[in-house]
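S.K.: Next comes the structure file work.csv, holding CSV, C-alpha atoms.
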chain,number,residue,atom,x,y,z
A,13,ILE,CA,249.1,59.4,-164.6
A,14,VAL,CA,249.6,63.0,-163.6
A,15,PRO,CA,251.5,66.0,-165.2
A,16,THR,CA,255.3,66.3,-164.7
A,17,GLY,CA,256.1,68.3,-161.5
A,18,THR,CA,253.0,67.1,-159.6
A,19,PHE,CA,255.1,65.2,-157.1
A,20,ASP,CA,257.3,66.9,-154.5
A,21,PRO,CA,260.9,65.8,-155.2
A,22,ASP,CA,261.2,64.3,-151.7
A,23,SER,CA,258.2,62.1,-152.5
A,24,VAL,CA,259.7,60.5,-155.6
A,25,HIS,CA,260.6,56.8,-155.0
A,26,LEU,CA,261.7,55.9,-158.5
A,27,PRO,CA,263.4,58.6,-160.7
A,28,HIS,CA,262.4,58.7,-164.3
A,29,ILE,CA,265.9,57.8,-165.5
A,30,PHE,CA,264.9,54.2,-164.7
A,31,VAL,CA,261.6,54.3,-166.6
A,32,GLN,CA,261.3,53.4,-170.3
A,33,ARG,CA,257.5,52.9,-170.6
A,34,LEU,CA,254.3,53.7,-168.8
A,35,ILE,CA,251.3,51.5,-169.3
A,36,LYS,CA,247.8,52.5,-168.1
A,37,GLY,CA,245.5,49.6,-167.8
A,38,GLU,CA,241.8,49.9,-168.2
A,39,SER,CA,240.7,47.9,-165.2
A,40,TYR,CA,243.9,47.1,-163.4
A,41,LYS,CA,243.6,45.3,-160.0
A,42,LYS,CA,246.7,44.7,-158.0
A,43,PRO,CA,247.1,41.0,-157.2
A,44,ILE,CA,247.4,39.9,-153.6
A,45,GLU,CA,249.7,36.9,-153.1
A,46,PHE,CA,248.7,36.0,-149.5
A,47,LEU,CA,245.4,37.4,-148.3
A,48,THR,CA,245.8,37.1,-144.5
A,49,ILE,CA,242.5,38.3,-142.9
A,50,ALA,CA,242.1,38.7,-139.1
A,51,LYS,CA,239.3,36.5,-138.0
A,52,GLU,CA,236.7,37.3,-135.3
A,53,GLY,CA,237.8,35.6,-132.1
A,54,GLY,CA,241.3,35.2,-133.5
A,55,GLY,CA,244.5,35.4,-131.5
A,56,LYS,CA,244.8,32.7,-128.8
A,57,SER,CA,241.6,31.1,-130.0
A,58,SER,CA,242.4,31.1,-133.7
A,59,ASP,CA,241.8,28.0,-135.8
A,60,ILE,CA,245.5,27.7,-136.4
A,61,PHE,CA,246.0,26.4,-132.8
A,62,LYS,CA,243.4,23.6,-133.2
A,63,GLY,CA,244.3,19.9,-133.6
A,64,ASP,CA,247.6,18.2,-132.8
A,65,ALA,CA,249.7,20.3,-135.1
A,66,GLY,CA,248.0,23.5,-133.8
A,67,MET,CA,248.8,22.6,-130.2
A,68,ARG,CA,252.4,22.0,-131.2
A,69,ARG,CA,252.6,25.5,-132.8
A,70,LYS,CA,250.9,27.0,-129.8
A,71,ARG,CA,253.5,25.6,-127.3
A,72,ILE,CA,256.3,27.0,-129.5
A,73,ALA,CA,254.7,30.4,-129.8
A,74,GLN,CA,253.9,30.7,-126.1
A,75,ARG,CA,257.4,29.9,-125.1
A,76,ALA,CA,258.9,32.3,-127.6
A,77,ALA,CA,256.6,35.1,-126.4
A,78,SER,CA,258.1,34.8,-122.9
A,79,LEU,CA,261.4,36.1,-124.4
A,80,ILE,CA,259.8,39.4,-125.5
A,81,LYS,CA,260.5,42.3,-123.2
A,82,ASP,CA,259.2,45.8,-123.0
A,83,GLY,CA,260.9,48.3,-125.5
A,84,MET,CA,262.4,45.7,-127.8
A,85,TYR,CA,262.7,46.0,-131.6
A,86,ILE,CA,261.8,42.6,-133.1
A,87,ASN,CA,261.9,41.0,-136.5
A,88,LEU,CA,259.5,38.1,-137.2
A,89,GLY,CA,260.2,35.5,-139.8
A,90,ILE,CA,257.3,34.0,-141.7
A,91,GLY,CA,255.3,31.0,-140.5
A,92,ILE,CA,255.4,29.9,-136.8
A,93,PRO,CA,257.4,33.0,-135.7
A,94,THR,CA,254.4,35.3,-136.5
A,95,LEU,CA,252.3,33.4,-134.0
A,96,ALA,CA,254.3,34.6,-131.0
A,97,THR,CA,252.5,37.9,-131.2
A,98,ASN,CA,249.3,36.3,-129.9
A,99,PHE,CA,250.9,35.6,-126.5
A,100,ILE,CA,252.8,38.8,-125.6
A,101,GLU,CA,252.0,39.8,-122.0
A,102,PRO,CA,249.6,42.8,-121.6
A,103,GLY,CA,251.4,46.1,-121.0
A,104,ILE,CA,254.5,45.1,-123.0
A,105,ASP,CA,255.2,47.7,-125.7
A,106,VAL,CA,257.4,46.4,-128.6
A,107,THR,CA,258.1,47.4,-132.2
A,108,PHE,CA,258.0,44.9,-135.0
A,109,GLN,CA,260.3,45.4,-138.0
A,110,SER,CA,259.8,43.8,-141.5
A,111,GLU,CA,262.9,43.7,-143.7
A,112,ASN,CA,261.0,44.9,-146.8
A,113,GLY,CA,260.8,48.3,-145.2
A,114,ILE,CA,258.3,48.7,-142.3
A,115,LEU,CA,259.0,49.6,-138.7
A,116,GLY,CA,255.8,49.3,-136.6
A,117,LEU,CA,254.0,46.3,-138.0
A,118,GLY,CA,250.5,45.8,-136.7
A,119,GLU,CA,248.1,42.9,-136.8
A,120,PHE,CA,246.7,41.2,-139.9
A,121,PRO,CA,243.9,43.4,-141.4
A,122,LYS,CA,240.2,42.9,-141.3
A,123,GLU,CA,238.6,42.5,-144.7
A,124,SER,CA,237.7,46.2,-144.9
A,125,GLU,CA,241.3,47.2,-144.1
A,126,VAL,CA,243.2,45.2,-146.8
A,127,ASP,CA,245.7,47.3,-148.8
A,128,PRO,CA,247.5,45.3,-151.5
A,129,ASP,CA,250.4,47.7,-151.3
A,130,LEU,CA,250.9,47.1,-147.6
A,131,ILE,CA,252.6,43.7,-147.1
A,132,ASN,CA,255.3,42.1,-144.9
A,133,ALA,CA,258.4,40.3,-146.1
A,134,GLY,CA,256.4,37.1,-146.5
A,135,LYS,CA,254.0,39.0,-148.9
A,136,GLN,CA,251.1,38.8,-146.5
A,137,VAL,CA,248.9,41.8,-146.2
A,138,VAL,CA,249.3,43.6,-142.9
A,139,THR,CA,248.5,46.8,-141.0
A,140,VAL,CA,250.7,49.2,-139.2
A,141,VAL,CA,250.5,50.9,-135.8
A,142,PRO,CA,250.5,54.6,-135.0
A,143,GLY,CA,254.0,55.9,-135.4
A,144,ALA,CA,255.0,53.4,-138.0
A,145,SER,CA,257.4,54.3,-140.9
A,146,TYR,CA,258.2,53.0,-144.4
A,147,PHE,CA,261.7,53.0,-145.9
A,148,SER,CA,263.9,51.4,-148.5
A,149,SER,CA,265.5,48.0,-148.2
A,150,SER,CA,268.9,49.7,-147.7
A,151,ASP,CA,267.7,51.5,-144.6
A,152,SER,CA,266.0,48.3,-143.4
A,153,PHE,CA,269.1,46.2,-143.7
A,154,GLY,CA,271.1,49.1,-142.2
A,155,MET,CA,269.0,48.6,-139.0
A,156,ILE,CA,269.6,44.9,-139.1
A,157,ARG,CA,273.3,45.0,-139.9
A,158,GLY,CA,273.8,47.8,-137.5
A,159,GLY,CA,272.7,45.7,-134.5
A,160,HIS,CA,269.5,47.7,-133.8
A,161,VAL,CA,267.2,44.6,-133.8
A,162,ASP,CA,267.1,43.0,-130.4
A,163,ILE,CA,265.6,39.7,-131.4
A,164,THR,CA,264.8,37.9,-134.7
A,165,PHE,CA,262.5,35.0,-134.5
A,166,LEU,CA,263.0,32.7,-137.5
A,167,GLY,CA,261.8,29.3,-138.7
A,168,GLY,CA,264.3,26.5,-139.2
A,169,MET,CA,264.7,23.3,-141.3
A,170,GLN,CA,267.7,22.0,-139.3
A,171,VAL,CA,269.9,23.1,-136.4
A,172,SER,CA,273.1,21.4,-135.4
A,173,GLU,CA,274.5,20.7,-131.9
A,174,GLU,CA,276.8,23.7,-132.3
A,175,GLY,CA,274.1,26.1,-133.2
A,176,ASP,CA,274.5,26.0,-137.0
A,177,LEU,CA,271.3,27.0,-138.8
A,178,ALA,CA,269.9,25.7,-142.2
A,179,ASN,CA,266.7,27.4,-143.1
A,180,TRP,CA,266.8,28.8,-146.6
A,181,ILE,CA,266.8,26.0,-149.2
A,182,ILE,CA,266.2,22.3,-149.8
A,183,PRO,CA,268.4,21.4,-152.8
A,184,GLY,CA,266.2,20.5,-155.8
A,185,LYS,CA,263.2,22.4,-154.7
A,186,MET,CA,262.2,25.8,-156.0
A,187,VAL,CA,263.3,28.8,-153.9
A,188,LYS,CA,262.5,32.4,-154.8
A,189,GLY,CA,265.6,33.7,-152.9
A,190,MET,CA,267.4,33.4,-149.7
A,191,GLY,CA,265.4,36.3,-148.2
A,192,GLY,CA,266.7,38.4,-145.3
A,193,ALA,CA,267.8,35.5,-143.1
A,194,MET,CA,271.4,35.7,-144.1
A,195,ASP,CA,271.5,39.3,-142.8
A,196,LEU,CA,269.3,38.8,-139.8
A,197,VAL,CA,271.4,36.0,-138.3
A,198,GLY,CA,274.4,38.2,-138.7
A,199,GLY,CA,273.0,41.4,-137.3
A,200,ALA,CA,270.3,40.8,-134.7
A,201,ARG,CA,271.5,40.7,-131.1
A,202,LYS,CA,269.6,37.4,-130.3
A,203,ILE,CA,268.7,34.7,-132.8
A,204,VAL,CA,265.7,32.6,-131.8
A,205,ILE,CA,264.7,29.6,-134.0
A,206,MET,CA,261.1,28.3,-133.7
A,207,MET,CA,260.4,25.0,-135.3
A,208,GLU,CA,258.7,21.6,-134.7
A,209,HIS,CA,261.0,19.0,-133.1
A,210,VAL,CA,260.8,16.6,-136.1
A,211,ALA,CA,259.9,16.9,-139.7
A,212,LYS,CA,257.3,14.9,-141.6
A,213,GLY,CA,257.9,11.2,-141.3
A,214,ASN,CA,259.7,11.9,-137.9
A,215,ALA,CA,262.8,12.9,-139.8
A,216,TYR,CA,265.4,14.6,-137.4
A,217,LYS,CA,265.7,18.3,-137.5
A,218,ILE,CA,268.2,18.7,-134.6
A,219,LEU,CA,271.4,17.0,-135.7
A,220,LYS,CA,275.1,16.7,-134.8
A,221,LYS,CA,275.8,18.3,-138.2
A,222,CYS,CA,273.3,19.9,-140.7
A,223,THR,CA,272.9,18.1,-144.0
A,224,LEU,CA,271.2,21.0,-145.7
A,225,PRO,CA,273.1,24.1,-146.9
A,226,LEU,CA,273.8,26.4,-144.0
A,227,THR,CA,272.3,29.9,-143.5
A,228,ARG,CA,275.2,30.5,-141.1
A,229,ASP,CA,277.3,28.5,-138.7
A,230,LYS,CA,277.3,28.8,-134.8
A,231,VAL,CA,274.7,31.5,-134.8
A,232,VAL,CA,271.6,30.2,-132.9
A,233,SER,CA,271.1,31.7,-129.5
A,234,THR,CA,267.9,29.8,-128.6
A,235,LEU,CA,266.0,27.0,-130.2
A,236,ILE,CA,262.4,26.5,-129.3
A,237,THR,CA,260.5,23.3,-130.3
A,238,ASP,CA,257.2,21.8,-129.2
A,239,LEU,CA,259.2,19.4,-127.0
A,240,ALA,CA,262.2,21.3,-125.7
A,241,VAL,CA,264.2,24.6,-125.4
A,242,PHE,CA,267.9,24.7,-126.2
A,243,GLU,CA,270.3,27.6,-125.5
A,244,TRP,CA,273.8,28.3,-126.7
A,245,ASN,CA,276.1,30.4,-124.6
A,246,ASP,CA,278.6,32.8,-126.2
Starting from the file, lay out its structure as structure tokens.

M.R.:
Amino acid sequence: IVPTGTFDPDSVHLPHIFVQRLIKGESYKKPIEFLTIAKEGGGKSSDIFKGDAGMRRKRIAQRAASLIKDGMYINLGIGIPTLATNFIEPGIDVTFQSENGILGLGEFPKESEVDPDLINAGKQVVTVVPGASYFSSSDSFGMIRGGHVDITFLGGMQVSEEGDLANWIIPGKMVKGMGGAMDLVGGARKIVIMMEHVAKGNAYKILKKCTLPLTRDKVVSTLITDLAVFEWND
């Protein structure tokens, strides 16, 4: 806690009009919800690609990476979509955006690089690349709603034959919020869904009509599964 006037006005993120109380802890340690550490020999050889399930994820990620072109601005959803970064062709320069306010996402950190304040939208600790920037959610969603994101890669629970997407809630199960998917599917230029072809128990995920609540109708550009690729034309 520092004296009033220590901060430059341009550096103030939360004006004091919103603050009623300050609490100084004796040994406060900021919790980390998802400690995602980069492993030695990670990337294409990571443990996440081992076994039958790992091979399915690998096929999906490899195919998705083939859609990434030089100079693109890309938003990655949590889960399988983050794996596509392992298969980007050498020499391709792209910028990753996270809707919680980062432009220029880097790789997951090594243990010595972990910063509890530096997380992506999925609350995983991350790093940033040179030239990265931080900003408010309003600026972040201004980028998304303004059509500045070339591709968003998202996970999916169900996709219909008409390109309807359901990926934010299963009724009766706890959900913290709908996240940024509602805006991403309405603002990104290309919507790519990455998911396994069937759910647990071989339940269908590709349907004539979604049975789960929709994120948005007729919005999917490309659907990539471990067995097939589907494309919808405008």

S.K.: Considering only C-alpha atoms, can you say which of A:Ile163, A:Leu235, A:Leu219, A:Ile29 comes closest to Asn87 in chain A?

M.R.: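 With only C-alpha atoms as the atom set, the closest residue is A:Ile163.
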
S.K.: Box in all listed atoms of range 28-41 of chain A, axis-aligned, with 3 Å more on each side; write out centre and edge lengths in Å to one decimal as lines of an AutoDock Vina configuration file.

M.R.:
center_x = 253.3
center_y = 52.0
center_z = -165.3
size_x = 31.2
size_y = 19.4
size_z = 16.6

S.K.: At a cut-off of 12 Å, using only C-alpha atoms, what residues contact Arg69 in chain A? Leave out same-chain residues fewer than 4 positions from it and give the result as a compact mmCIF listing (two decimals) with C-alpha atoms, keeping the file's coordinate frame.

M.R.:
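Listed below is the output, out.txt:
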# COMPACT_ATOMS: atom_id res chain seq x y z
CA LYS A 56 244.80 32.70 -128.80
CA SER A 58 242.40 31.10 -133.70
CA ASP A 59 241.80 28.00 -135.80
CA ILE A 60 245.50 27.70 -136.40
CA PHE A 61 246.00 26.40 -132.80
CA LYS A 62 243.40 23.60 -133.20
CA GLY A 63 244.30 19.90 -133.60
CA ASP A 64 247.60 18.20 -132.80
CA ALA A 65 249.70 20.30 -135.10
CA ALA A 73 254.70 30.40 -129.80
CA GLN A 74 253.90 30.70 -126.10
CA ARG A 75 257.40 29.90 -125.10
CA ALA A 76 258.90 32.30 -127.60
CA GLY A 91 255.30 31.00 -140.50
CA ILE A 92 255.40 29.90 -136.80
CA PRO A 93 257.40 33.00 -135.70
CA THR A 94 254.40 35.30 -136.50
CA LEU A 95 252.30 33.40 -134.00
CA ALA A 96 254.30 34.60 -131.00
CA ASN A 98 249.30 36.30 -129.90
CA GLY A 167 261.80 29.30 -138.70
CA MET A 206 261.10 28.30 -133.70
CA MET A 207 260.40 25.00 -135.30
CA GLU A 208 258.70 21.60 -134.70
CA HIS A 209 261.00 19.00 -133.10
CA ILE A 236 262.40 26.50 -129.30
CA THR A 237 260.50 23.30 -130.30
CA ASP A 238 257.20 21.80 -129.20
CA LEU A 239 259.20 19.40 -127.00

S.K.: I want to know what sits within 12 Å of Ile13 in chain A, based on all atoms listed in the file, with residues of the same chain fewer than 2 positions away left out; could you give that as an NGL selection string?

M.R.: :A and (15-19 or 34-37)

S.K.: Let me make sure I understand: among A:Glu101, A:Asp82, A:Glu125, A:Asp162, which one has the smallest atom-to-atom distance to Ala50 in chain A if we use only C-alpha atoms?

M.R.: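 Of A:Glu101, A:Asp82, A:Glu125, A:Asp162, the one nearest Ala50 in chain A is A:Glu125, counting only C-alpha atoms.
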
S.K.: Using CA of Lys212 in chain A and CA of Val232 in chain A as the two end points, give the distance in Å to one decimal.

M.R.: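 So the answer is 22.7 Å.
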
S.K.: With a distance cut-off of 12 Å and only C-alpha atoms, select the neighbouring residues of His25 in chain A, excluding the residue or stretch itself and same-chain residues fewer than 5 positions from it, and output the selection as a list in words.

M.R.: Phe19, Asp20, Phe30, Val31, Tyr146, Phe147 and Ser148 of chain A

S.K.: Name the residues in contact with Phe120 in chain A at a cut-off of 9 Å, using all atoms listed in the file, excluding same-chain residues fewer than 5 positions from it; report them as a list in words.

M.R.: Thr48, Ile49, Ala50, Lys51, Val126, Gln136, Val137, Val138, Thr139 and Val140 of chain A

S.K.: Which of these, A:Gly184, A:Gly168, A:Gly134, A:Gly159, has the shortest distance to Ile90 in chain A once you count only C-alpha atoms?

M.R.: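 Of A:Gly184, A:Gly168, A:Gly134, A:Gly159, the one nearest Ile90 in chain A is A:Gly134, counting only C-alpha atoms.
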
S.K.: Mind giving me the straight-line distance from CA of Asp105 in chain A to CA of Met84 in chain A in Å, one decimal?

M.R.: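 Interatomic distance, CA of Asp105 in chain A to CA of Met84 in chain A: 7.8 Å.
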
S.K.: Between CA of Ile203 in chain A and CA of Phe108 in chain A, what is the spacing in Å?

M.R.: 14.9 Å

S.K.: For Phe46 in chain A, which of A:Asp229, A:Asp129, A:Glu111, A:Glu173 is the closest residue, counting all atoms listed in the file?

M.R.: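 Distance minimum relative to Phe46 in chain A lands on A:Asp129.
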
S.K.: Which of these residues is nearest to Ala215 in chain A, using only C-alpha atoms: A:Ser145, A:Gln170, A:Thr227, A:Asn132?

M.R.: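 Once distances to Ala215 in chain A are computed over only C-alpha atoms, the minimum belongs to A:Gln170.
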